[in-house]
$ cat upload_25.cif   # mmCIF, C-alpha atoms
data_work
#
loop_
_atom_site.label_atom_id
_atom_site.label_comp_id
_atom_site.auth_asym_id
_atom_site.auth_seq_id
_atom_site.Cartn_x
_atom_site.Cartn_y
_atom_site.Cartn_z
CA MET A 2 107.87 91.79 211.33
CA SER A 3 110.21 94.43 210.05
CA VAL A 4 107.48 97.07 210.05
CA SER A 5 106.74 96.81 213.77
CA SER A 6 110.42 96.89 214.66
CA THR A 7 110.83 100.33 213.10
CA VAL A 8 107.85 101.80 214.89
CA THR A 9 108.96 104.12 217.67
CA PRO A 10 107.42 103.58 221.12
CA GLY A 11 105.48 106.85 220.87
CA ARG A 12 103.71 105.77 217.66
CA ARG A 13 102.74 102.20 218.10
CA LEU A 14 100.81 100.38 215.43
CA GLN A 15 97.20 100.83 216.49
CA PRO A 16 94.42 98.39 215.62
CA GLN A 17 92.73 101.22 213.68
CA HIS A 18 95.70 101.37 211.34
CA LEU A 19 95.43 97.70 210.63
CA LEU A 20 91.73 98.08 210.02
CA ALA A 21 92.33 100.96 207.62
CA CYS A 22 94.86 98.84 205.76
CA LEU A 23 92.39 96.02 205.48
CA VAL A 24 89.69 98.37 204.21
CA CYS A 25 92.09 99.70 201.57
CA VAL A 26 93.10 96.28 200.43
CA PHE A 27 89.47 95.22 200.27
CA ALA A 28 88.53 98.31 198.28
CA MET A 29 91.29 97.65 195.79
CA TRP A 30 90.30 94.04 195.54
CA VAL A 31 86.74 95.07 194.76
CA MET A 32 87.88 97.71 192.26
CA PHE A 33 90.14 95.45 190.30
CA SER A 34 88.18 92.25 190.56
CA PRO A 35 86.86 90.87 187.30
CA GLN A 36 83.27 91.24 188.51
CA ALA A 37 83.66 95.01 188.91
CA GLN A 38 85.23 95.45 185.50
CA ALA A 39 82.82 93.21 183.79
CA GLN A 40 79.79 95.47 183.84
CA ALA A 41 79.94 93.97 180.40
CA PRO A 42 76.62 93.27 178.79
CA VAL A 43 76.16 89.69 177.76
CA ASP A 44 74.98 89.13 174.22
CA VAL A 45 73.59 85.79 173.30
CA TYR A 46 75.11 85.00 169.96
CA GLU A 47 75.33 81.55 168.47
CA PHE A 48 78.51 80.72 166.61
CA GLU A 49 79.19 77.80 164.32
CA THR A 50 82.84 77.46 165.27
CA THR A 51 84.94 78.47 168.26
CA GLU A 52 87.17 80.36 165.85
CA GLN A 53 84.26 82.64 164.97
CA GLU A 54 83.53 83.19 168.63
CA GLN A 55 87.15 84.04 169.32
CA ARG A 56 87.22 86.50 166.43
CA PHE A 57 84.05 88.12 167.76
CA ARG A 58 85.63 88.50 171.21
CA GLN A 59 88.85 89.83 169.74
CA LEU A 60 87.16 92.34 167.46
CA SER A 61 84.75 93.68 170.06
CA ASN A 62 87.71 94.09 172.39
CA ASP A 63 89.78 95.93 169.80
CA PHE A 64 87.16 98.48 168.74
CA ARG A 65 86.47 101.47 170.88
CA CYS A 66 82.92 102.45 171.71
CA PRO A 67 82.23 105.78 169.98
CA MET A 68 79.74 106.83 172.65
CA CYS A 69 81.39 105.93 175.95
CA GLN A 70 84.83 106.61 174.53
CA ASN A 71 86.85 105.02 177.29
CA ALA A 72 85.47 101.55 176.87
CA ASN A 73 85.80 99.01 174.13
CA LEU A 74 82.79 97.57 172.39
CA SER A 75 82.76 94.42 174.48
CA SER A 76 82.63 96.21 177.83
CA SER A 77 80.37 99.08 176.91
CA PRO A 78 76.69 99.07 177.87
CA GLY A 79 76.00 101.94 175.44
CA GLY A 80 73.28 101.46 172.85
CA VAL A 81 75.47 102.00 169.83
CA ALA A 82 78.03 99.52 171.20
CA ALA A 83 75.39 96.80 171.22
CA ASP A 84 74.45 97.71 167.64
CA LEU A 85 78.07 97.54 166.55
CA ARG A 86 78.56 94.17 168.26
CA ARG A 87 75.54 92.93 166.37
CA GLU A 88 77.08 94.20 163.14
CA ILE A 89 80.38 92.47 163.92
CA TYR A 90 78.49 89.26 164.59
CA ARG A 91 76.60 89.61 161.31
CA MET A 92 79.77 90.24 159.33
CA ILE A 93 81.60 87.31 160.91
CA MET A 94 78.71 85.02 160.11
CA GLU A 95 78.66 86.34 156.55
CA GLY A 96 82.27 85.25 156.26
CA MET A 97 83.89 88.67 156.13
CA SER A 98 87.56 88.89 157.11
CA ASP A 99 88.88 90.90 160.05
CA GLU A 100 90.32 93.42 157.59
CA GLU A 101 86.97 93.89 155.90
CA ILE A 102 85.26 94.39 159.25
CA GLU A 103 87.87 96.92 160.26
CA ALA A 104 87.37 98.75 156.97
CA PHE A 105 83.61 98.81 157.63
CA MET A 106 84.18 100.42 161.01
CA LEU A 107 86.78 102.87 159.74
CA GLN A 108 84.58 104.01 156.91
CA ARG A 109 81.86 105.00 159.36
CA TYR A 110 83.59 106.06 162.53
CA GLY A 111 87.14 106.84 161.45
CA ASP A 112 90.41 106.19 163.23
CA PHE A 113 88.71 106.95 166.50
CA ILE A 114 87.18 103.48 166.60
CA LEU A 115 90.59 101.80 166.69
CA TYR A 116 92.21 101.26 170.04
CA ARG A 117 95.45 100.61 168.19
CA PRO A 118 95.84 103.63 165.93
CA ARG A 119 97.18 103.12 162.44
CA LEU A 120 100.59 104.49 161.58
CA THR A 121 99.94 107.64 159.57
CA LEU A 122 101.61 111.02 159.33
CA GLN A 123 99.25 112.27 162.01
CA THR A 124 99.99 109.46 164.43
CA VAL A 125 103.77 109.32 164.02
CA LEU A 126 104.28 111.40 167.15
CA LEU A 127 101.83 109.21 169.03
CA TRP A 128 103.68 106.06 168.06
CA PHE A 129 107.26 107.20 168.41
CA GLY A 130 106.88 110.08 170.89
CA PRO A 131 107.49 107.85 173.93
CA ILE A 132 110.69 106.44 172.42
CA LEU A 133 111.82 109.98 171.61
CA PHE A 134 111.18 111.07 175.16
CA LEU A 135 113.04 108.04 176.49
CA LEU A 136 116.05 108.78 174.30
CA ALA A 137 115.98 112.42 175.35
CA GLY A 138 115.82 111.30 178.98
CA VAL A 139 118.79 108.97 178.56
CA TRP A 140 120.75 111.74 176.86
CA ILE A 141 119.96 114.25 179.61
CA ALA A 142 120.73 111.73 182.35
CA ARG A 143 124.07 110.91 180.75
CA ASN A 144 124.97 114.59 180.50
CA ILE A 145 124.05 115.21 184.12
CA THR A 146 125.98 112.26 185.49
CA ARG A 147 128.96 113.14 183.37
CA SER A 148 129.16 116.77 184.51
CA SER A 149 128.38 115.98 188.16
CA GLY A 150 131.00 113.21 188.06
CA GLY A 151 133.56 115.91 187.30
CA ARG A 152 132.26 117.99 190.17
CA VAL A 153 132.63 115.14 192.67
CA GLU A 154 136.31 114.89 191.89
CA ALA A 155 136.67 118.62 192.42
CA THR A 156 135.12 118.48 195.88
CA ASP A 157 137.40 115.61 196.76
CA GLU A 158 140.34 117.81 196.00
CA THR A 159 139.09 120.73 198.05
CA GLU A 160 138.41 118.39 200.94
CA ARG A 161 141.95 117.14 200.79
CA GLU A 162 143.20 120.70 200.81
CA THR A 163 141.14 121.62 203.87
CA ALA A 164 142.35 118.53 205.64
CA VAL A 165 145.91 119.61 205.07
CA THR A 166 145.39 123.16 206.21
CA LEU A 167 143.82 122.22 209.56
CA SER A 168 146.26 123.01 212.33
CA ALA A 169 146.75 120.71 215.31
CA GLU A 170 144.78 123.08 217.51
CA GLU A 171 141.87 123.12 215.07
CA LYS A 172 141.88 119.34 214.91
CA ALA A 173 141.61 119.10 218.64
CA ARG A 174 138.69 121.51 218.64
CA LEU A 175 137.02 119.55 215.90
CA SER A 176 137.24 116.31 217.82
CA ARG A 177 135.89 118.04 220.92
CA LEU A 178 132.95 119.29 218.93
CA LEU A 179 132.34 115.91 217.41
CA ASN A 180 132.30 114.36 220.86
CA ASP A 181 129.67 116.92 221.82
CA GLN A 182 131.68 118.69 224.44
CA PRO A 183 131.07 122.36 225.19
CA ASP A 184 133.06 124.54 222.89
CA ALA A 185 135.37 126.43 225.19
CA ASP A 186 136.68 128.68 222.43
CA ASN A 187 133.30 129.93 221.42
CA PRO A 188 130.83 129.59 224.31
CA THR A 189 128.18 131.92 222.85
CA ASN A 190 127.52 129.44 220.11
CA ARG A 191 125.85 126.97 222.41
CA SER A 192 123.34 129.27 224.04
CA MET B 29 125.69 126.37 171.50
CA LYS B 30 126.23 126.61 175.25
CA ASN B 31 123.59 129.33 175.42
CA LEU B 32 121.12 127.23 173.53
CA LYS B 33 121.57 124.42 176.04
CA LEU B 34 120.82 126.85 178.82
CA PHE B 35 117.48 127.65 177.26
CA LEU B 36 116.57 124.02 176.58
CA PRO B 37 114.23 123.71 179.60
CA VAL B 38 112.42 126.87 178.55
CA ILE B 39 112.05 125.59 175.00
CA VAL B 40 110.78 122.21 176.20
CA PHE B 41 108.35 123.98 178.51
CA ALA B 42 107.11 126.21 175.70
CA VAL B 43 106.51 123.29 173.33
CA LEU B 44 104.71 121.29 176.01
CA ALA B 45 102.69 124.33 177.03
CA VAL B 46 101.49 124.89 173.47
CA PHE B 47 100.43 121.25 173.13
CA MET B 48 98.66 121.17 176.47
CA TRP B 49 97.02 124.55 176.00
CA ARG B 50 95.57 123.29 172.74
CA GLY B 51 94.61 120.06 174.44
CA LEU B 52 92.53 121.99 176.96
CA TYR B 53 90.26 123.19 174.20
CA LEU B 54 90.01 119.98 172.22
CA ASP B 55 86.59 118.47 172.43
CA SER B 56 87.13 114.73 172.67
CA ARG B 57 83.40 114.11 172.98
CA THR B 58 82.63 114.94 169.39
CA LEU B 59 84.12 112.69 166.75
CA PRO B 60 85.02 114.13 163.38
CA SER B 61 82.63 112.67 160.86
CA MET B 62 83.99 110.41 158.18
CA LEU B 63 81.08 111.22 155.94
CA ILE B 64 81.71 114.86 155.17
CA ASP B 65 81.68 115.37 151.39
CA ARG B 66 80.50 111.82 150.86
CA GLU B 67 77.17 110.75 149.50
CA LEU B 68 74.36 110.12 151.94
CA PRO B 69 74.38 106.33 152.45
CA ASP B 70 71.64 104.36 150.73
CA PHE B 71 68.70 103.12 152.71
CA GLU B 72 65.41 101.38 152.25
CA LEU B 73 63.38 102.04 155.34
CA ARG B 74 59.88 102.60 156.59
CA THR B 75 58.72 106.09 157.41
CA LEU B 76 56.22 107.36 159.93
CA GLU B 77 54.26 108.99 157.11
CA LEU B 78 54.18 106.60 154.15
CA GLY B 79 52.73 103.49 155.77
CA ASP B 80 54.11 100.23 154.38
CA GLN B 81 55.85 101.94 151.50
CA LEU B 82 59.63 101.94 151.93
CA ALA B 83 61.52 105.16 151.42
CA THR B 84 64.93 105.50 149.74
CA VAL B 85 67.27 108.39 149.06
CA GLU B 86 65.07 109.11 146.04
CA ASP B 87 62.34 110.28 148.40
CA LEU B 88 64.54 112.96 149.92
CA PRO B 89 64.34 116.59 148.79
CA ASP B 90 66.35 117.54 145.71
CA GLU B 91 67.37 120.76 147.38
CA PRO B 92 69.67 121.24 150.40
CA PHE B 93 68.11 119.80 153.54
CA ILE B 94 68.79 119.03 157.16
CA LEU B 95 68.84 115.42 158.38
CA ASN B 96 68.21 115.23 162.10
CA ILE B 97 68.72 112.05 164.16
CA TRP B 98 66.16 112.09 166.94
CA GLY B 99 64.29 109.91 169.40
CA SER B 100 61.37 110.38 171.77
CA TYR B 101 63.66 109.32 174.64
CA CYS B 102 66.14 112.04 173.79
CA LEU B 103 65.88 115.12 175.97
CA PRO B 104 68.18 117.37 173.89
CA CYS B 105 65.94 116.61 170.89
CA LEU B 106 63.11 118.24 172.81
CA GLN B 107 65.28 121.32 173.21
CA GLU B 108 65.94 121.47 169.48
CA ASN B 109 62.33 121.08 168.50
CA PRO B 110 61.18 124.73 168.84
CA ILE B 111 64.07 125.86 166.63
CA PHE B 112 63.15 123.32 163.96
CA MET B 113 59.47 124.24 164.27
CA ALA B 114 60.31 127.88 163.67
CA ALA B 115 62.41 126.91 160.67
CA ARG B 116 59.51 124.96 159.24
CA GLU B 117 57.03 127.78 159.81
CA GLN B 118 59.36 130.20 158.04
CA ASP B 119 60.03 127.62 155.32
CA LEU B 120 63.80 128.07 155.71
CA VAL B 121 64.94 124.57 154.84
CA PRO B 122 63.35 121.11 154.73
CA ILE B 123 64.17 119.01 157.78
CA ILE B 124 64.15 115.23 157.49
CA GLY B 125 63.95 113.24 160.70
CA VAL B 126 65.62 109.91 161.32
CA ASN B 127 63.72 108.35 164.19
CA TYR B 128 66.67 106.52 165.73
CA LYS B 129 66.23 103.42 167.90
CA ASP B 130 62.72 104.36 168.89
CA THR B 131 59.25 102.87 168.60
CA ASP B 132 56.68 104.23 166.15
CA ASN B 133 54.08 104.79 168.84
CA ALA B 134 56.40 106.73 171.13
CA ALA B 135 57.65 108.76 168.17
CA ARG B 136 54.13 109.65 166.97
CA GLU B 137 53.06 110.62 170.47
CA TRP B 138 56.15 112.81 170.86
CA LEU B 139 55.43 114.56 167.55
CA ASP B 140 51.77 115.07 168.52
CA ILE B 141 52.71 116.68 171.80
CA ASN B 142 55.73 118.73 170.76
CA GLY B 143 54.95 119.46 167.14
CA ASN B 144 56.33 117.90 163.99
CA PRO B 145 58.97 119.98 162.22
CA PHE B 146 59.97 117.12 159.90
CA THR B 147 58.77 116.78 156.33
CA LEU B 148 59.53 113.05 156.53
CA ASN B 149 60.48 110.72 159.35
CA ILE B 150 62.67 107.78 158.40
CA VAL B 151 62.29 104.91 160.84
CA ASP B 152 65.60 103.45 161.96
CA ASP B 153 64.37 101.36 164.85
CA THR B 154 67.33 98.97 164.79
CA GLY B 155 69.95 101.69 164.54
CA ARG B 156 71.42 100.03 161.46
CA TYR B 157 71.15 103.13 159.29
CA GLY B 158 72.63 105.12 162.13
CA ILE B 159 75.75 102.96 161.88
CA ASP B 160 76.05 103.76 158.18
CA LEU B 161 75.85 107.43 159.12
CA GLY B 162 78.48 107.03 161.83
CA VAL B 163 75.93 108.07 164.43
CA TYR B 164 76.60 107.26 168.06
CA GLY B 165 73.68 108.89 169.78
CA ALA B 166 70.80 111.31 169.24
CA PRO B 167 70.77 114.15 168.52
CA GLU B 168 73.09 114.42 165.56
CA THR B 169 72.40 116.65 162.59
CA PHE B 170 73.65 116.48 159.02
CA ILE B 171 73.35 119.07 156.30
CA VAL B 172 72.97 117.49 152.87
CA ASP B 173 73.37 119.38 149.61
CA ALA B 174 71.13 119.23 146.55
CA ASN B 175 73.20 116.41 145.06
CA GLY B 176 72.80 114.24 148.12
CA PHE B 177 76.28 114.82 149.54
CA ILE B 178 76.76 115.31 153.27
CA ARG B 179 78.39 118.68 153.76
CA TYR B 180 78.22 119.32 157.49
CA LYS B 181 77.64 117.48 160.72
CA HIS B 182 76.70 118.81 164.12
CA ILE B 183 76.92 116.50 167.11
CA GLY B 184 74.73 117.20 170.11
CA THR B 185 72.01 119.75 170.75
CA ILE B 186 71.42 122.55 168.31
CA ASP B 187 70.66 125.57 170.42
CA TYR B 188 69.70 128.93 169.03
CA ARG B 189 73.31 130.05 168.77
CA ALA B 190 74.44 126.87 166.95
CA TRP B 191 71.50 127.32 164.59
CA GLN B 192 72.38 130.94 163.84
CA ASP B 193 76.17 130.61 163.71
CA GLU B 194 76.73 127.10 162.36
CA ILE B 195 73.72 125.58 160.68
CA MET B 196 72.12 128.48 158.83
CA PRO B 197 75.33 129.82 157.23
CA VAL B 198 76.00 126.38 155.75
CA VAL B 199 72.39 125.99 154.65
CA ARG B 200 72.38 129.41 152.99
CA GLN B 201 75.64 128.70 151.25
CA LEU B 202 74.35 125.39 149.88
CA GLN B 203 71.09 127.04 148.83
CA SER B 204 72.94 129.71 146.89
CA GLU B 205 75.20 127.04 145.33
CA ASN B 206 72.05 125.23 144.27
CA GLN B 207 70.54 128.37 142.77
CA VAL B 208 73.68 129.04 140.76
CA ALA B 209 73.69 125.47 139.50
CA GLY B 210 69.98 125.61 138.69
CA SER B 211 70.03 128.89 136.73
#
$ encode --input "upload_25.cif" --output "structure tokens"
Amino acid sequence: MSVSSTVTPGRRLQPQHLLACLVCVFAMWVMFSPQAQAQAPVDVYEFETTEQEQRFRQLSNDFRCPMCQNANLSSSPGGVAADLRREIYRMIMEGMSDEEIEAFMLQRYGDFILYRPRLTLQTVLLWFGPILFLLAGVWIARNITRSSGGRVEATDETERETAVTLSAEEKARLSRLLNDQPDADNPTNRS
Amino acid sequence: MKNLKLFLPVIVFAVLAVFMWRGLYLDSRTLPSMLIDRELPDFELRTLELGDQLATVEDLPDEPFILNIWGSYCLPCLQENPIFMAAREQDLVPIIGVNYKDTDNAAREWLDINGNPFTLNIVDDTGRYGIDLGVYGAPETFIVDANGFIRYKHIGTIDYRAWQDEIMPVVRQLQSENQVAGS
């Protein structure tokens, strides 16, 4: 294992660490498992066709619960969510189209009910803001790399100059220092 | 141009700060109502008072009134009740109750114990009328003008301050509008 090979002798991988890891993994597994997410209430609705059932699932997934706010209608146990699911069911069975059902919801609860907001003047920033930020980021990154690229060349030049100006004596001292020998010229430095 | 570039981070910070500062004070819990300045939706529902006879919008006052969504299970509604009772005693404005997703027995018991400030209690036991009103939980309160148009909505408890600073100014304004129209 690559992990154990990097562990220094003083800090060996203890069994407790492994246990902690396992607990973490288990906790995440529990958190993200379908059972944990599906606190979803189960309605018993009878559909005539599987298409109707699919539309019901789709619609109750796409509408946001006005009461719990961070859940869609299908996963929300809130009272009004159940009522709205019942209304969706009724409208599907009455043969209303998805657009008509959406209009019904919008008329009563407004844009808030949509998890996918409509493109209006108010939501332009919401829709295109991320792209704007990305473009700005790319632009900034390009500027930074361009200017720092110039700087790298400059340092190369100064390095070359320093290399040239080192005298033979200085070179010898440098190599002594690099080999970790006591610096005879400047003994106070090592105290 | 070079100077402007220098100040770019400050400008970006300022813009973000304004947005986020505003965001701190946005109340995401209360939804803006879609029904402001629209007519009160039609209904044909039982009431606690009229027995088997169904009530419609025709049975509502032809003066400005308050429409309060309440339930016996709803604790904030209990908090509002003394304010509404006082309003009824002083004859400030008619208050219509919508008994939302409740049972008649529980509702009657609640009114017996706590007092009944409502001139009429519309029974919306299924919550269907609540959907037409864009309601998502009791208590919610609408102010309706003399022509049956919804003019204001308050979501959540009406405490004394909300009553004084929000509800009554709107009610008074609608009442004076109504007097001008009536004279």
$ closest_atom_pairs --input "upload_25.cif" --of "chain B" --to "chain A" --cutoff "10 Å" --atoms "all atoms listed in the file" --output "JSON lines"
{"residue": "B:Ser56", "atom": "CA", "partner": "A:Gln70", "partner_atom": "CA", "distance": 8.6}
{"residue": "B:Arg57", "atom": "CA", "partner": "A:Gln70", "partner_atom": "CA", "distance": 7.8}
{"residue": "B:Thr58", "atom": "CA", "partner": "A:Pro67", "partner_atom": "CA", "distance": 9.2}
{"residue": "B:Leu59", "atom": "CA", "partner": "A:Phe113", "partner_atom": "CA", "distance": 7.4}
{"residue": "B:Pro60", "atom": "CA", "partner": "A:Gly111", "partner_atom": "CA", "distance": 7.8}
{"residue": "B:Ser61", "atom": "CA", "partner": "A:Tyr110", "partner_atom": "CA", "distance": 6.9}
{"residue": "B:Met62", "atom": "CA", "partner": "A:Gly111", "partner_atom": "CA", "distance": 5.8}
{"residue": "B:Leu63", "atom": "CA", "partner": "A:Arg109", "partner_atom": "CA", "distance": 7.1}
{"residue": "B:Lys129", "atom": "CA", "partner": "A:Gly80", "partner_atom": "CA", "distance": 8.8}
{"residue": "B:Thr154", "atom": "CA", "partner": "A:Asp84", "partner_atom": "CA", "distance": 7.8}
{"residue": "B:Gly155", "atom": "CA", "partner": "A:Asp84", "partner_atom": "CA", "distance": 6.8}
{"residue": "B:Arg156", "atom": "CA", "partner": "A:Asp84", "partner_atom": "CA", "distance": 7.3}
{"residue": "B:Gly158", "atom": "CA", "partner": "A:Val81", "partner_atom": "CA", "distance": 8.8}
{"residue": "B:Ile159", "atom": "CA", "partner": "A:Arg109", "partner_atom": "CA", "distance": 6.9}
{"residue": "B:Asp160", "atom": "CA", "partner": "A:Arg109", "partner_atom": "CA", "distance": 6.1}
{"residue": "B:Leu161", "atom": "CA", "partner": "A:Arg109", "partner_atom": "CA", "distance": 6.5}
{"residue": "B:Gly162", "atom": "CA", "partner": "A:Arg109", "partner_atom": "CA", "distance": 4.7}
{"residue": "B:Val163", "atom": "CA", "partner": "A:Val81", "partner_atom": "CA", "distance": 8.1}
{"residue": "B:Tyr164", "atom": "CA", "partner": "A:Met68", "partner_atom": "CA", "distance": 5.6}
{"residue": "B:Gly165", "atom": "CA", "partner": "A:Met68", "partner_atom": "CA", "distance": 7.0}
$ closest_residue --input "upload_25.cif" --among "B:Gly79, B:Ser100, B:Asn142, B:Ile111" --to "Ala190 in chain B" --atoms "only C-alpha atoms"
B:Ile111
$ atom_distance --input "upload_25.cif" --atom1 "CA of Glu77 in chain B" --atom2 "CA of Phe170 in chain B"
20.9 Å
$ atom_distance --input "upload_25.cif" --atom1 "CA of Phe64 in chain A" --atom2 "CA of Tyr116 in chain A"
5.9 Å
$ residues_around --input "upload_25.cif" --residues "Asn109 in chain B" --least-positions-apart "5" --cutoff "12 Å" --atoms "only C-alpha atoms" --output "ChimeraX atom specification"
/B:96-100,102-104,114-116,123,125,138-139,141-146,167,185-188,191
$ decode --input "upload_25.cif" --residues "range 181-192 of chain B" --atoms "C-alpha atoms" --output "PDB file, in the first residue's frame"
ATOM      1  CA  LYS B 181     -50.827  39.333   2.378  1.00  0.00           C
ATOM      2  CA  HIS B 182     -49.053  38.642   5.630  1.00  0.00           C
ATOM      3  CA  ILE B 183     -47.344  35.297   6.107  1.00  0.00           C
ATOM      4  CA  GLY B 184     -46.864  33.981   9.621  1.00  0.00           C
ATOM      5  CA  THR B 185     -48.000  35.241  12.995  1.00  0.00           C
ATOM      6  CA  ILE B 186     -49.536  38.660  13.325  1.00  0.00           C
ATOM      7  CA  ASP B 187     -48.176  40.064  16.544  1.00  0.00           C
ATOM      8  CA  TYR B 188     -49.201  43.369  18.007  1.00  0.00           C
ATOM      9  CA  ARG B 189     -46.517  45.242  16.089  1.00  0.00           C
ATOM     10  CA  ALA B 190     -47.444  43.654  12.730  1.00  0.00           C
ATOM     11  CA  TRP B 191     -51.064  44.510  13.447  1.00  0.00           C
ATOM     12  CA  GLN B 192     -50.274  48.150  14.231  1.00  0.00           C
TER      13      GLN B 192
END
